[in-house]
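K.L.:
Quick one: structure below, then a few questions.
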Amino acid sequence: MHIPVLLKESLDGLQIKKGGTYVDCTTNRAGHSIEIAKEIGEKGILICIDLDNEALAEAKEKLDKITDKPEIHFVHSNFRHLTSILENLKIESVDGILADLGLSSEELDESGRGFSFRFDEPLKMTFDTEERDDMTTAYEIINNWGEESMADILYGFADETYSHRIAHRIVERRKEKPIATTHELVDIIGGAVPAAYRHKKTHYATKTFQALRMAVNDEIGSIKELIDAIPKVLKLNGRACIITFHSTEDRIVKQSLRGKAESLKMVNKKVIVPSEEEEKENPRSRSAQLRIVEKIC
């Protein structure tokens with residue numbers, strides 16, 4: 001079961017108003033959305049966005065059970081399209097925006113799309129559950145991209161120290177046959193890195209999987225477009241809360257928000273992190289960081 005991360009801190013950060021209009025950019029199974037819906041009440045409006053249709057369907061089931069629920073719109077899309085999503089709904093501006101950029105427990109454990117190296121699954125790593133001919137997958141990157149391009153994303157998106165060694169080993173192995181599953185890829189990574197690296201606390205395939213997922217879903221581009229949209233769609237004194245889970249992601253969010261300093265004020269100078277109690281109850285929350293901004297003009 002997916003447990004919403006930094007729930008209280010996010011709700012406090014949004015300063016939710018009764019009857020307000022709010023966007024959950026990464027609705028998933030409605031962990032945050034349920035609490036937002038309860039707080040805004042039946043006169044409010046909630047826009048629930050997600051690329052996973054199954055997650056949206058589950059979110060709808062849960063939100064339908066709320067007493068005095070607000071007007072809710074479920075949108076199967078990427079949050080990078082926030083401006084056009086609101087235009088299509090004829091909503092000019094909103095009181096608050098929440099974006100939890102982490103993978104859900106269901107995506108890691110049950111999706112079958114290869115997000116986790118713990119299971120032997122096809123190399124897809126796509127957030128969007130609707131397959132298209134033009135969709136980039138991890139399989140395509142691993143089997144068709146050049147060695148330098150792969151090394152660049154491993155280092156650029158995940159600070160992988162052994163990016164060149166891993167990319168080279170992938171290219172050599174795929175000459176024998178296509179690399180089709182997560183466990184095949186893990187085996188290749190294990191053979192490319194030093195023994196000491198394989199025995200560190202963090203699994204040696206973590207950064208490669210992170211980088212591939214980010215490349216497949218153009219996560220950096222999506223984050224930048226979302227932050228570009230925030231000052232355009234937030235009402236004056238409205239707030240946005242963004243939760244990140246690794247240094248590359250947080251760095252992009254921090255830099256992009258700083259670029260909007262003329263219209264967005266950082267509410268928390270230091271990132272907000274989970275309490276010891278939350279980390280104990282939900283170990284996957286330990287790397288979460290929350291940044292809150294407020295529209296000032």
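Identifiers for the structure tokens are assigned positionally: chains receive A, B, ... in sequence, residues are indexed from 1 per chain, and ligands are indexed from 1 in the order shown.
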Within 9 Å of range 189-201 of chain A, counting only C-alpha atoms, which residues show up once you throw out same-chain ones fewer than 4 positions away? Write them as a PyMOL selection string, please.

P.N.:
chain A and resi 162+165-170+184-185+205+208

K.L.:
How would the residues just chosen look if you wrote them out with C-alpha atoms as a PDB file, in the first residue's frame?

P.N.:
```
ATOM      1  CA  TYR A 162      31.043   4.144 -13.056  1.00  0.00           C
ATOM      2  CA  ARG A 165      32.188   1.282 -17.423  1.00  0.00           C
ATOM      3  CA  ILE A 166      28.501   0.356 -17.174  1.00  0.00           C
ATOM      4  CA  ALA A 167      27.643   1.826 -20.588  1.00  0.00           C
ATOM      5  CA  HIS A 168      30.579   0.014 -22.185  1.00  0.00           C
ATOM      6  CA  ARG A 169      29.585  -3.322 -20.627  1.00  0.00           C
ATOM      7  CA  ILE A 170      25.981  -2.851 -21.833  1.00  0.00           C
ATOM      8  CA  GLU A 184      19.792  -9.191 -17.133  1.00  0.00           C
ATOM      9  CA  LEU A 185      20.642  -5.525 -16.719  1.00  0.00           C
ATOM     10  CA  ALA A 205      22.076  -0.835  -9.711  1.00  0.00           C
ATOM     11  CA  THR A 208      21.440   3.192 -13.283  1.00  0.00           C
TER      12      THR A 208
END
```

K.L.:
According to DSSP computed on the backbone, where in range 227-277 of chain A is there strand (DSSP E)? Give the residues as a VMD selection string.

P.N.:
chain A and resid 234 to 244 264 to 266

K.L.:
Fewer than 3 positions away in the same chain doesn't count, so skip those; otherwise give me all residues within 9 Å of Cys25 in chain A, counting only C-alpha atoms, as a PyMOL selection string.

P.N.:
chain A and resi 47-50+78-80+82+97-101

K.L.:
Applying 10 Å and only C-alpha atoms, which residues near range 241-244 of chain A remain after dropping the ones on its own chain fewer than 5 positions away? List them as a PDB file with N, CA and C atoms, in the first residue's frame.

P.N.:
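around_25.pdb written:
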```pdb
ATOM      1  N   VAL A   5       3.801  10.571   1.591  1.00  0.00           N
ATOM      2  CA  VAL A   5       4.979  11.069   2.297  1.00  0.00           C
ATOM      3  C   VAL A   5       4.788  12.536   2.689  1.00  0.00           C
ATOM      4  N   LEU A   6       5.283  12.898   3.882  1.00  0.00           N
ATOM      5  CA  LEU A   6       5.210  14.285   4.360  1.00  0.00           C
ATOM      6  C   LEU A   6       3.794  14.851   4.228  1.00  0.00           C
ATOM      7  N   GLU A   9       2.964  17.882   6.653  1.00  0.00           N
ATOM      8  CA  GLU A   9       3.802  19.024   6.263  1.00  0.00           C
ATOM      9  C   GLU A   9       3.332  19.636   4.941  1.00  0.00           C
ATOM     10  N   SER A  10       2.891  18.779   4.023  1.00  0.00           N
ATOM     11  CA  SER A  10       2.386  19.272   2.736  1.00  0.00           C
ATOM     12  C   SER A  10       1.073  20.031   2.906  1.00  0.00           C
ATOM     13  N   LEU A  11       0.161  19.462   3.698  1.00  0.00           N
ATOM     14  CA  LEU A  11      -1.129  20.108   3.921  1.00  0.00           C
ATOM     15  C   LEU A  11      -0.949  21.443   4.641  1.00  0.00           C
ATOM     16  N   ASP A  12      -0.071  21.460   5.638  1.00  0.00           N
ATOM     17  CA  ASP A  12       0.213  22.722   6.335  1.00  0.00           C
ATOM     18  C   ASP A  12       0.828  23.729   5.380  1.00  0.00           C
ATOM     19  N   GLY A  13       1.729  23.248   4.532  1.00  0.00           N
ATOM     20  CA  GLY A  13       2.411  24.133   3.596  1.00  0.00           C
ATOM     21  C   GLY A  13       1.470  24.763   2.588  1.00  0.00           C
ATOM     22  N   LEU A  14       0.458  24.023   2.176  1.00  0.00           N
ATOM     23  CA  LEU A  14      -0.501  24.547   1.200  1.00  0.00           C
ATOM     24  C   LEU A  14      -1.439  25.594   1.802  1.00  0.00           C
ATOM     25  N   ASP A  24      -3.560  18.220  -7.500  1.00  0.00           N
ATOM     26  CA  ASP A  24      -2.606  17.187  -7.106  1.00  0.00           C
ATOM     27  C   ASP A  24      -2.001  16.679  -8.412  1.00  0.00           C
ATOM     28  N   CYS A  25      -0.765  17.079  -8.678  1.00  0.00           N
ATOM     29  CA  CYS A  25      -0.129  16.784  -9.969  1.00  0.00           C
ATOM     30  C   CYS A  25       0.252  15.319 -10.138  1.00  0.00           C
ATOM     31  N   GLY A  96      -3.687  26.280  -4.824  1.00  0.00           N
ATOM     32  CA  GLY A  96      -2.541  25.488  -4.405  1.00  0.00           C
ATOM     33  C   GLY A  96      -2.236  24.339  -5.343  1.00  0.00           C
ATOM     34  N   ILE A  97      -0.954  23.944  -5.355  1.00  0.00           N
ATOM     35  CA  ILE A  97      -0.475  22.864  -6.215  1.00  0.00           C
ATOM     36  C   ILE A  97       0.416  21.945  -5.394  1.00  0.00           C
ATOM     37  N   LEU A  98       0.184  20.646  -5.511  1.00  0.00           N
ATOM     38  CA  LEU A  98       1.035  19.663  -4.853  1.00  0.00           C
ATOM     39  C   LEU A  98       1.619  18.738  -5.912  1.00  0.00           C
ATOM     40  N   ALA A  99       2.930  18.495  -5.824  1.00  0.00           N
ATOM     41  CA  ALA A  99       3.584  17.539  -6.725  1.00  0.00           C
ATOM     42  C   ALA A  99       4.527  16.665  -5.915  1.00  0.00           C
ATOM     43  N   ASP A 100       4.144  15.411  -5.734  1.00  0.00           N
ATOM     44  CA  ASP A 100       4.980  14.415  -5.070  1.00  0.00           C
ATOM     45  C   ASP A 100       5.681  13.640  -6.191  1.00  0.00           C
ATOM     46  N   LEU A 101       6.981  13.885  -6.372  1.00  0.00           N
ATOM     47  CA  LEU A 101       7.685  13.358  -7.535  1.00  0.00           C
ATOM     48  C   LEU A 101       8.215  11.938  -7.353  1.00  0.00           C
ATOM     49  N   GLY A 102       7.879  11.301  -6.253  1.00  0.00           N
ATOM     50  CA  GLY A 102       8.396   9.954  -6.001  1.00  0.00           C
ATOM     51  C   GLY A 102       7.581   8.864  -6.663  1.00  0.00           C
ATOM     52  N   ILE A 223       9.587  18.444 -14.983  1.00  0.00           N
ATOM     53  CA  ILE A 223       9.704  19.278 -13.779  1.00  0.00           C
ATOM     54  C   ILE A 223       9.868  20.743 -14.171  1.00  0.00           C
ATOM     55  N   ILE A 227       7.289  23.850 -13.222  1.00  0.00           N
ATOM     56  CA  ILE A 227       7.673  25.044 -12.468  1.00  0.00           C
ATOM     57  C   ILE A 227       7.483  26.311 -13.296  1.00  0.00           C
ATOM     58  N   GLU A 249      16.971  15.398  -8.804  1.00  0.00           N
ATOM     59  CA  GLU A 249      15.612  15.939  -8.864  1.00  0.00           C
ATOM     60  C   GLU A 249      15.510  17.223  -8.044  1.00  0.00           C
ATOM     61  N   ASP A 250      16.011  17.173  -6.814  1.00  0.00           N
ATOM     62  CA  ASP A 250      15.917  18.333  -5.926  1.00  0.00           C
ATOM     63  C   ASP A 250      16.732  19.507  -6.462  1.00  0.00           C
ATOM     64  N   ARG A 251      17.870  19.216  -7.046  1.00  0.00           N
ATOM     65  CA  ARG A 251      18.705  20.278  -7.615  1.00  0.00           C
ATOM     66  C   ARG A 251      17.965  21.013  -8.740  1.00  0.00           C
ATOM     67  N   ILE A 252      17.293  20.249  -9.603  1.00  0.00           N
ATOM     68  CA  ILE A 252      16.528  20.856 -10.704  1.00  0.00           C
ATOM     69  C   ILE A 252      15.392  21.711 -10.149  1.00  0.00           C
ATOM     70  N   VAL A 253      14.671  21.199  -9.155  1.00  0.00           N
ATOM     71  CA  VAL A 253      13.570  21.950  -8.544  1.00  0.00           C
ATOM     72  C   VAL A 253      14.098  23.243  -7.917  1.00  0.00           C
ATOM     73  N   LYS A 254      15.158  23.140  -7.142  1.00  0.00           N
ATOM     74  CA  LYS A 254      15.734  24.300  -6.456  1.00  0.00           C
ATOM     75  C   LYS A 254      16.181  25.369  -7.455  1.00  0.00           C
ATOM     76  N   VAL A 267       9.130  29.603   0.888  1.00  0.00           N
ATOM     77  CA  VAL A 267       8.557  29.668   2.230  1.00  0.00           C
ATOM     78  C   VAL A 267       9.519  29.059   3.243  1.00  0.00           C
ATOM     79  N   VAL A 271      15.089  22.664   3.268  1.00  0.00           N
ATOM     80  CA  VAL A 271      14.090  21.658   2.884  1.00  0.00           C
ATOM     81  C   VAL A 271      13.495  21.012   4.135  1.00  0.00           C
ATOM     82  N   ILE A 272      12.221  20.643   4.029  1.00  0.00           N
ATOM     83  CA  ILE A 272      11.540  19.935   5.114  1.00  0.00           C
ATOM     84  C   ILE A 272      11.692  18.439   4.853  1.00  0.00           C
ATOM     85  N   VAL A 273      12.120  17.696   5.864  1.00  0.00           N
ATOM     86  CA  VAL A 273      12.343  16.255   5.714  1.00  0.00           C
ATOM     87  C   VAL A 273      11.439  15.489   6.690  1.00  0.00           C
ATOM     88  N   SER A 287      14.342   9.627   2.069  1.00  0.00           N
ATOM     89  CA  SER A 287      15.055  10.549   1.185  1.00  0.00           C
ATOM     90  C   SER A 287      14.188  11.722   0.716  1.00  0.00           C
ATOM     91  N   ALA A 288      12.948  11.796   1.200  1.00  0.00           N
ATOM     92  CA  ALA A 288      12.024  12.840   0.745  1.00  0.00           C
ATOM     93  C   ALA A 288      12.429  14.229   1.247  1.00  0.00           C
ATOM     94  N   GLN A 289      12.234  15.222   0.375  1.00  0.00           N
ATOM     95  CA  GLN A 289      12.504  16.615   0.729  1.00  0.00           C
ATOM     96  C   GLN A 289      11.383  17.492   0.173  1.00  0.00           C
ATOM     97  N   LEU A 290      10.854  18.357   1.007  1.00  0.00           N
ATOM     98  CA  LEU A 290       9.736  19.209   0.624  1.00  0.00           C
ATOM     99  C   LEU A 290      10.177  20.661   0.499  1.00  0.00           C
ATOM    100  N   ARG A 291       9.848  21.270  -0.631  1.00  0.00           N
ATOM    101  CA  ARG A 291      10.062  22.700  -0.840  1.00  0.00           C
ATOM    102  C   ARG A 291       8.704  23.367  -1.064  1.00  0.00           C
ATOM    103  N   ILE A 292       8.505  24.518  -0.439  1.00  0.00           N
ATOM    104  CA  ILE A 292       7.229  25.241  -0.527  1.00  0.00           C
ATOM    105  C   ILE A 292       7.492  26.634  -1.051  1.00  0.00           C
ATOM    106  N   VAL A 293       6.691  27.047  -2.033  1.00  0.00           N
ATOM    107  CA  VAL A 293       6.794  28.416  -2.559  1.00  0.00           C
ATOM    108  C   VAL A 293       5.440  29.108  -2.515  1.00  0.00           C
ATOM    109  N   GLU A 294       5.458  30.422  -2.458  1.00  0.00           N
ATOM    110  CA  GLU A 294       4.238  31.224  -2.423  1.00  0.00           C
ATOM    111  C   GLU A 294       4.320  32.281  -3.520  1.00  0.00           C
TER     112      GLU A 294
END
```

K.L.:
Report, in Å to a single decimal, how far apart CA of Lys270 in chain A and CA of Leu7 in chain A are.

P.N.:
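One can read the CA of Leu7 in chain A to CA of Lys270 in chain A distance as 17.7 Å.
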
K.L.:
Could you find all residues in range 66-297 of chain A that DSSP calls alpha helix (DSSP H) from the backbone, and write them as a PyMOL selection string?

P.N.:
chain A and resi 82-88+105-109+138-144+147-158+163-174+182-192+195-198+206-216+219-233+247-258+276-281

K.L.:
Do a neighbour search on range 151-154 of chain A at 8 Å with only C-alpha atoms, toss out local chain neighbours closer than 4 positions, and write the hits as a PyMOL selection string.

P.N.:
chain A and resi 147+158-160+163-164+166-167+207-208+211-212+215

K.L.:
Leu56 in chain A: which residues within 12 Å, counting only C-alpha atoms, same-chain residues fewer than 5 positions away excluded, as a list in words?

P.N.:
Asp24, Cys25, Thr26, Thr27, Asn28, Arg29, Ala30, Gly31, Ser33, Ile47, Cys48, Ile49, Asp50, Leu51, Glu61, Lys62, Leu63, Asp64, Ile72, His73, Phe74, Val75, His76, Ser77, Asp128 and Thr129 of chain A

K.L.:
Considering only C-alpha atoms, state which residue in the set A:Gly238, A:Pro70, A:Pro178, A:Gly221 is at the smallest distance from Ser93 in chain A.

P.N.:
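Closest candidate: A:Gly238.
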
K.L.:
What separation in Å, quoted to one decimal, exists between CA of Leu264 in chain A and CA of Ser247 in chain A?

P.N.:
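These two atoms are separated by 21.7 Å.
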
K.L.:
Counting only C-alpha atoms, which residue out of A:Ala180, A:Asp68, A:Gly20, A:Glu140 sits closest to Glu121 in chain A?

P.N.:
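Using only C-alpha atoms, the shortest distance to Glu121 in chain A belongs to A:Ala180.
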
K.L.:
Please report the interatomic distance between CA of Ser285 in chain A and CA of Ile36 in chain A in Å with one decimal.

P.N.:
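Between CA of Ser285 in chain A and CA of Ile36 in chain A the gap is 19.8 Å.
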
K.L.:
Could you tell me which of A:Ile66, A:Ala59, A:Ile85, A:Val23 comes closest to Glu42 in chain A if we count only C-alpha atoms?

P.N.:
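Among the listed residues, the smallest separation from Glu42 in chain A belongs to A:Ile66.
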
K.L.:
Quick one: of A:Glu279, A:Glu176, A:Glu35, A:Glu219, who's nearest to Phe127 in chain A, counting only C-alpha atoms?

P.N.:
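Looking at the shortest contact to Phe127 in chain A, the residue is A:Glu219.
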
K.L.:
Rank A:Asn237, A:Thr182, A:Ser149, A:Thr161 by their smallest atom-to-atom distance to Asp95 in chain A, using only C-alpha atoms, and report the top residue only.

P.N.:
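So, comparing all the options, the nearest one is A:Asn237.
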
K.L.:
Between A:Ile3, A:Thr181, A:Glu172, A:Thr21, which has the minimum distance to Leu234 in chain A (counting only C-alpha atoms)?

P.N.:
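Among the listed residues, the smallest separation from Leu234 in chain A belongs to A:Thr21.
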